[in-house]
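J.: Here's a structure for you.
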Amino acid sequence: MPNYYQPEIETASREQLLAWQNERLVKQVQHVWDNVPYYRQKMEEKGVTPADIKSVDDLHKLPFLTKADLRDAYPYGLMGKPLSDCVRIQSTSGTTGRRVVAFYTQHDIDLWEDCCARAIVAAGGTREDVVQVAYGYGLFTGGPGLNGGSHKVGCLTLPMSSGNTDRQLQFMVDLEATILCCTPSYAEYLAETIHEQGLRDKIELKAGIFGAEAWSEEMRRDIQNSLGIKAYDIYGLTETTGPGVAYECSEQTGMHINEDHFLAEIIDPETGEVLPEGEKGELVFTSLTKEAFPLLRYRTRDICVLSRKKCSCGRTHVKMSKPMGRSDDMLIVKGVNVFPSQIETVLLEQGYPANYQIIVDRINHSDKLEVLVEMAPDKFSDSLADIAEQEKTLVEALKNMLGIYAKVKIVSPKSITRSEGKAVRVIDKRKI
Amino acid sequence: MNVHQISVFLENRAGQLSEITAVLAEHHIDLRAISIAETADYGVLRMIVDDAEKATGILLSHGFILSMTPVTVIAVPDTPGGLAPVLQLLAEAHIDIEYMYSLFTHKEGQAYMVFRMSDEEMFAKKLAEHGMHPATKEELGLQ
């Protein structure tokens with residue numbers, strides 16, 4: 001049985017899709033030109049006007065947007081609608097400079113939730129299903145996105161938010177949840193706990209929609225076997241909307257990008273040149289339909305491959321591979337974006353040397369972040385209590401900056417290797 | 001002259017302590033007392049040496065992080081209960097001990113204890129009131 005939420009869109013012919021894209025791109029470029037002076041200036045600097053963009057073939061003429069632009073334009077500089085037309089913001093963690101604040105009109109929320117609804121239906125969701133959303137709710141897009149999608153499909157939605165495992169399991173069992181939405185590492189943790197507590201025969205789960213962090217095929221097999229479900233990947237970022245930019249179908253060989261809303265390109269991260277289909281490079285998104293935060297050619301820094309090979313599910317939308325890495329130094333820890341430079345900023349502010357090391361590991365299915373910090377001569381105290389107090393201050397400052405807990409380990413001065421050339425700032429021990 | 005203790009930051013890893021003692025030995029610095037306070041990740045090595053000034057210079061030049069802390073050294077009878085009068089005095093005066101440890105030095109039936117107090121001034125005053133006197137550097141043969 002085909003599982004489509006909007007079959008006429010999801011299975012539209014390539015010609016039809018292209019026609020929509022052409023029409024929407026032309027309109028969107030005009031909208032941005034008229035309403036986003038920041039981007040208009042970038043276009044002018046490149047000598048491009050809306051008249052130059054007649055179809056998707058002209059997309060490459062447009063300037064890129066990067067996280068640096070989001071920083072420069074924070075908070076309102078990339079808005080395409082007045083605030084009075086907006087109904088919501090979502091945001092990533094981080095300081096002013098690194099935090100992304102995305103605005104949504106009701107129209108934008110609707111299209112986002114449609115995208116999430118497609119993902120849920122592709123995972124077998126119908127109005128008979130009970131969807132347990134164990135992504136964080138709030139500024140993070142995970143919870144609100146899947147929550148809205150679940151409503152659109154007509155599922156009974158359990159807005160659990162993240163954490164509180166005992167309560168998650170109690171609701172899962174008592175309310176017979178059939179679809180679980182959370183990060184893959186939390187799914188692994190839940191699966192383990194379900195087995196430990198002997199609840200395997202008491203759960204009714206049939207599918208899971210897992211995203212916001214990297215996971216492997218091996219993890220997928222483990223989760224599927226352990227819970228007896230089918231595990232689907234989902235992709236998105238706050239800059240474009242949130243989860244649902246792309247999602248997996250039953251074939252599980254990549255994620256269909258919702259191309260009627262988001263135009264994808266793969267570029268060479270060094271040169272910015274568009275690469276032919278099938279080549280590995282940096283994923284770039286152009287929002288075709290969003291009004292309030294209409295980013296054109298936004299560089300995601302995610303490295304992946306696109307494929308237009310015919311899919312057995314009947315969907316015609318292009319598929320993206322799981323992200324294979326980053327073209328910058330961003331880490332994703334517990335679904336949260338972490339930049340080494342954020343940590344460096346905190347250390348310098350607190351009077352520690354900028355020679356540090358970040359160690360990321362996954363222990364018991366949960367990401368752990370540890371920062372090795374060198375003791376500074378003027379910070380040293382004979383009293384352990386004083387050192388502990390300094391450590392606590394540092395942990396709090398890091399939490400304020402990153403939005404997640406990082407363990408701090410104070411080490412001897414000059415004990416962190418200063419390699420010649422590029423310092424090894426990050427050791428990622430996660431086997432994904 | 002007051003006795004000064006050298007406190008050195010110690011990372012909790014194998015070999016840290018022997019690096020320090022090796023450097024001191026090389027320069028013929030004599031350790032008179034040593035004590036370690038530690039947490040899971042790091043510690044503070046506290047020591048009294050025969051030549052504190054020389055030792056700090058050497059340790060600093062080897063990249064160690066340290067501080068000098070004035071401490072009070074008291075001679076107590078090296079017999080059972082010898083420490084009791086001092087501790088009783090502290091309890092009565094409500095002075096908190098931050099830490100204490102002993103010197104290797106013994107002299108004429110006396111043992112030496114190193115004290116670091118929450119209120120060093122009050123400690124000195126109370127000792128004087130009870131006719132006790134902190135050991136001087138000269139008495140201990142320290143530079």
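In the structure tokens, chains take letters A, B, ... by order of appearance, with residues numbered from 1 within each chain and ligands from 1 in the order shown.
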Could you list, as a list of chain:residue names, the residues of chain B having an atom within 7 Å of chain A when counting only C-alpha atoms?

T.: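 Close to chain A, chain B has B:Ser7, B:Leu10, B:Glu11, B:Asp41, B:Tyr42, B:Val44, B:Ile65, B:Leu66, B:Ser67.
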
J.: Near B:Leu140, within 9 Å and counting only C-alpha atoms, which residues show up once chain neighbours fewer than 3 positions away are dropped, as a VMD selection string?

T.: chain B and resid 50 105 135 to 137

J.: As number ranges by chain, please: every residue in stretch 218-360 of chain A that DSSP puts in strand (DSSP E or B).

T.: A: 230-236, 243-248, 255-257, 262-267, 274, 281-287, 298-304, 306-307, 319-320, 325-326, 331-333, 336-338, 356-360

J.: Residues within 7 Å of A:Asn147, please, as a list in words. Count only C-alpha atoms; anything in the same chain fewer than 4 positions from it doesn't count.

T.: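 What passes the distance filter is Val133, Gly143, His151, Thr157 and Pro159 of chain A.
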
J.: Counting only C-alpha atoms, what is within 8 Å of A:Gly208, bar same-chain residues fewer than 5 positions away, as a short mmCIF file (atom, residue, chain, number, x, y, z; two decimals) with C-alpha atoms, in the first residue's frame?

T.:
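Saved as result.cif:
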```
data_model
loop_
_atom_site.label_atom_id
_atom_site.label_comp_id
_atom_site.auth_asym_id
_atom_site.auth_seq_id
_atom_site.Cartn_x
_atom_site.Cartn_y
_atom_site.Cartn_z
CA ALA A 123 6.85 5.63 7.88
CA ILE A 179 5.43 5.47 16.13
CA LEU A 180 8.35 6.87 18.08
CA CYS A 181 10.09 10.12 17.11
CA CYS A 182 13.39 10.98 18.81
CA ILE A 229 10.21 -1.76 14.21
CA LYS A 230 11.25 -0.11 11.00
CA ALA A 231 13.56 2.86 11.66
CA TYR A 232 13.39 5.86 9.34
#
```

J.: Taking only C-alpha atoms into account, which of A:Glu239, A:Asp268, A:Asp166, A:Glu218 comes nearest A:Val101?

T.: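 Answer, going by the shortest atom-to-atom distance: A:Glu239.
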
J.: Which one of A:Lys429, A:Glu113, A:Ala12, A:Arg297 sits closest to A:Val360 if you count only C-alpha atoms?

T.: A:Lys429

J.: Restricting the calculation to only C-alpha atoms, which member of A:Pro294, A:Gly148, A:Gly272, A:Gly335 is positioned closest to A:Gly236?

T.: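 So, comparing all the options, the nearest one is A:Gly335.
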
J.: Near B:Tyr112, counting only C-alpha atoms, which residues have an atom at most 8 Å away, once you skip same-chain residues fewer than 5 positions from it, shown as a list of chain:residue names?

T.: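 These residues fall inside the cut-off: B:Val73, B:Ile74, B:Ala75, B:Val76, B:Ser102, B:Leu103, B:Phe104, B:Thr105, B:His106.
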
J.: Could you go through stretch 48-79 of chain B and tell me which residues DSSP, when run on the backbone, assigns to helix (DSSP H, G or I), listing them as a list in words?

T.: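 For stretch 48-79 of chain B, the helix (DSSP H, G or I) set is Ala52, Glu53, Lys54, Ala55, Thr56, Gly57, Ile58, Leu59, Leu60 and Ser61 of chain B.
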
J.: Limited to N, CA and C atoms, could you put the picked residues into a file as a PDB file, in the first residue's frame?

T.:
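This is the output file again-v2.pdb:
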```pdb
ATOM      1  N   ALA B  52      62.952  26.772  49.749  1.00  0.00           N
ATOM      2  CA  ALA B  52      61.707  27.010  49.017  1.00  0.00           C
ATOM      3  C   ALA B  52      61.918  27.919  47.807  1.00  0.00           C
ATOM      4  N   GLU B  53      62.733  28.920  47.987  1.00  0.00           N
ATOM      5  CA  GLU B  53      62.925  29.876  46.904  1.00  0.00           C
ATOM      6  C   GLU B  53      63.570  29.215  45.687  1.00  0.00           C
ATOM      7  N   LYS B  54      64.599  28.436  45.977  1.00  0.00           N
ATOM      8  CA  LYS B  54      65.302  27.743  44.895  1.00  0.00           C
ATOM      9  C   LYS B  54      64.352  26.742  44.209  1.00  0.00           C
ATOM     10  N   ALA B  55      63.600  26.011  45.039  1.00  0.00           N
ATOM     11  CA  ALA B  55      62.706  24.987  44.493  1.00  0.00           C
ATOM     12  C   ALA B  55      61.635  25.598  43.591  1.00  0.00           C
ATOM     13  N   THR B  56      61.067  26.730  44.012  1.00  0.00           N
ATOM     14  CA  THR B  56      60.011  27.325  43.184  1.00  0.00           C
ATOM     15  C   THR B  56      60.585  27.774  41.841  1.00  0.00           C
ATOM     16  N   GLY B  57      61.781  28.353  41.895  1.00  0.00           N
ATOM     17  CA  GLY B  57      62.414  28.792  40.655  1.00  0.00           C
ATOM     18  C   GLY B  57      62.594  27.626  39.689  1.00  0.00           C
ATOM     19  N   ILE B  58      63.059  26.518  40.222  1.00  0.00           N
ATOM     20  CA  ILE B  58      63.311  25.342  39.383  1.00  0.00           C
ATOM     21  C   ILE B  58      61.993  24.797  38.813  1.00  0.00           C
ATOM     22  N   LEU B  59      60.993  24.677  39.689  1.00  0.00           N
ATOM     23  CA  LEU B  59      59.714  24.113  39.239  1.00  0.00           C
ATOM     24  C   LEU B  59      59.050  25.014  38.198  1.00  0.00           C
ATOM     25  N   LEU B  60      59.116  26.325  38.438  1.00  0.00           N
ATOM     26  CA  LEU B  60      58.515  27.253  37.470  1.00  0.00           C
ATOM     27  C   LEU B  60      59.205  27.123  36.115  1.00  0.00           C
ATOM     28  N   SER B  61      60.536  27.000  36.162  1.00  0.00           N
ATOM     29  CA  SER B  61      61.261  26.907  34.898  1.00  0.00           C
ATOM     30  C   SER B  61      60.933  25.598  34.174  1.00  0.00           C
TER      31      SER B  61
END
```

J.: Looking at only C-alpha atoms, which of B:Met122, B:Ala91, B:Met100, B:Val49 is the one that sits closest to B:His4?

T.: B:Val49

J.: For B:Ile20, find every residue with an atom within 10 Å (counting only C-alpha atoms), except residues of its own chain fewer than 3 positions away, and show them as a list of chain:residue names.

T.: B:Val8, B:Leu10, B:Gly15, B:Gln16, B:Leu17, B:Val23, B:Leu24, B:Ala25, B:Leu45, B:Ile58, B:Leu59, B:His62, B:Phe64

J.: Would you write out those residues with N, CA and C atoms, as a short mmCIF file (atom, residue, chain, number, x, y, z; two decimals), in the first residue's frame?

T.:
```
data_model
loop_
_atom_site.label_atom_id
_atom_site.label_comp_id
_atom_site.auth_asym_id
_atom_site.auth_seq_id
_atom_site.Cartn_x
_atom_site.Cartn_y
_atom_site.Cartn_z
N VAL B 8 51.80 22.64 44.38
CA VAL B 8 51.96 22.45 42.94
C VAL B 8 50.71 21.78 42.37
N LEU B 10 48.74 19.32 40.25
CA LEU B 10 49.04 17.97 39.75
C LEU B 10 47.88 17.49 38.90
N GLY B 15 52.94 9.35 36.60
CA GLY B 15 54.23 9.96 36.31
C GLY B 15 54.35 11.42 36.71
N GLN B 16 53.22 12.06 36.99
CA GLN B 16 53.28 13.49 37.32
C GLN B 16 54.14 13.75 38.55
N LEU B 17 53.92 12.95 39.59
CA LEU B 17 54.62 13.18 40.85
C LEU B 17 56.11 12.89 40.70
N VAL B 23 62.96 16.32 39.34
CA VAL B 23 63.52 17.65 39.12
C VAL B 23 64.14 18.19 40.41
N LEU B 24 63.44 17.96 41.53
CA LEU B 24 63.96 18.46 42.81
C LEU B 24 65.23 17.72 43.22
N ALA B 25 65.23 16.43 42.99
CA ALA B 25 66.39 15.61 43.36
C ALA B 25 67.62 16.06 42.57
N LEU B 45 49.78 19.10 45.16
CA LEU B 45 50.88 18.55 45.93
C LEU B 45 51.38 19.66 46.85
N ILE B 58 63.06 26.52 40.22
CA ILE B 58 63.31 25.34 39.38
C ILE B 58 61.99 24.80 38.81
N LEU B 59 60.99 24.68 39.69
CA LEU B 59 59.71 24.11 39.24
C LEU B 59 59.05 25.01 38.20
N HIS B 62 60.41 24.61 34.88
CA HIS B 62 59.99 23.37 34.24
C HIS B 62 58.51 23.38 33.88
N PHE B 64 55.81 24.01 35.77
CA PHE B 64 54.78 23.64 36.73
C PHE B 64 54.06 24.89 37.23
#
```

J.: Between atom CA of A:Met320 and atom CA of A:Met255, what is the spacing in Å?

T.: 5.2 Å

J.: Could you please determine the separation between atom CA of A:Asp302 and atom CA of A:Leu70 in Å, to one decimal place?

T.: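 The value is 16.7 Å.
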
J.: Could you work out how far atom CA of A:Leu283 lies from atom CA of A:Gln252, giving the answer in Å with one decimal?

T.: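 Going from atom CA of A:Gln252 over to atom CA of A:Leu283 covers 19.7 Å.
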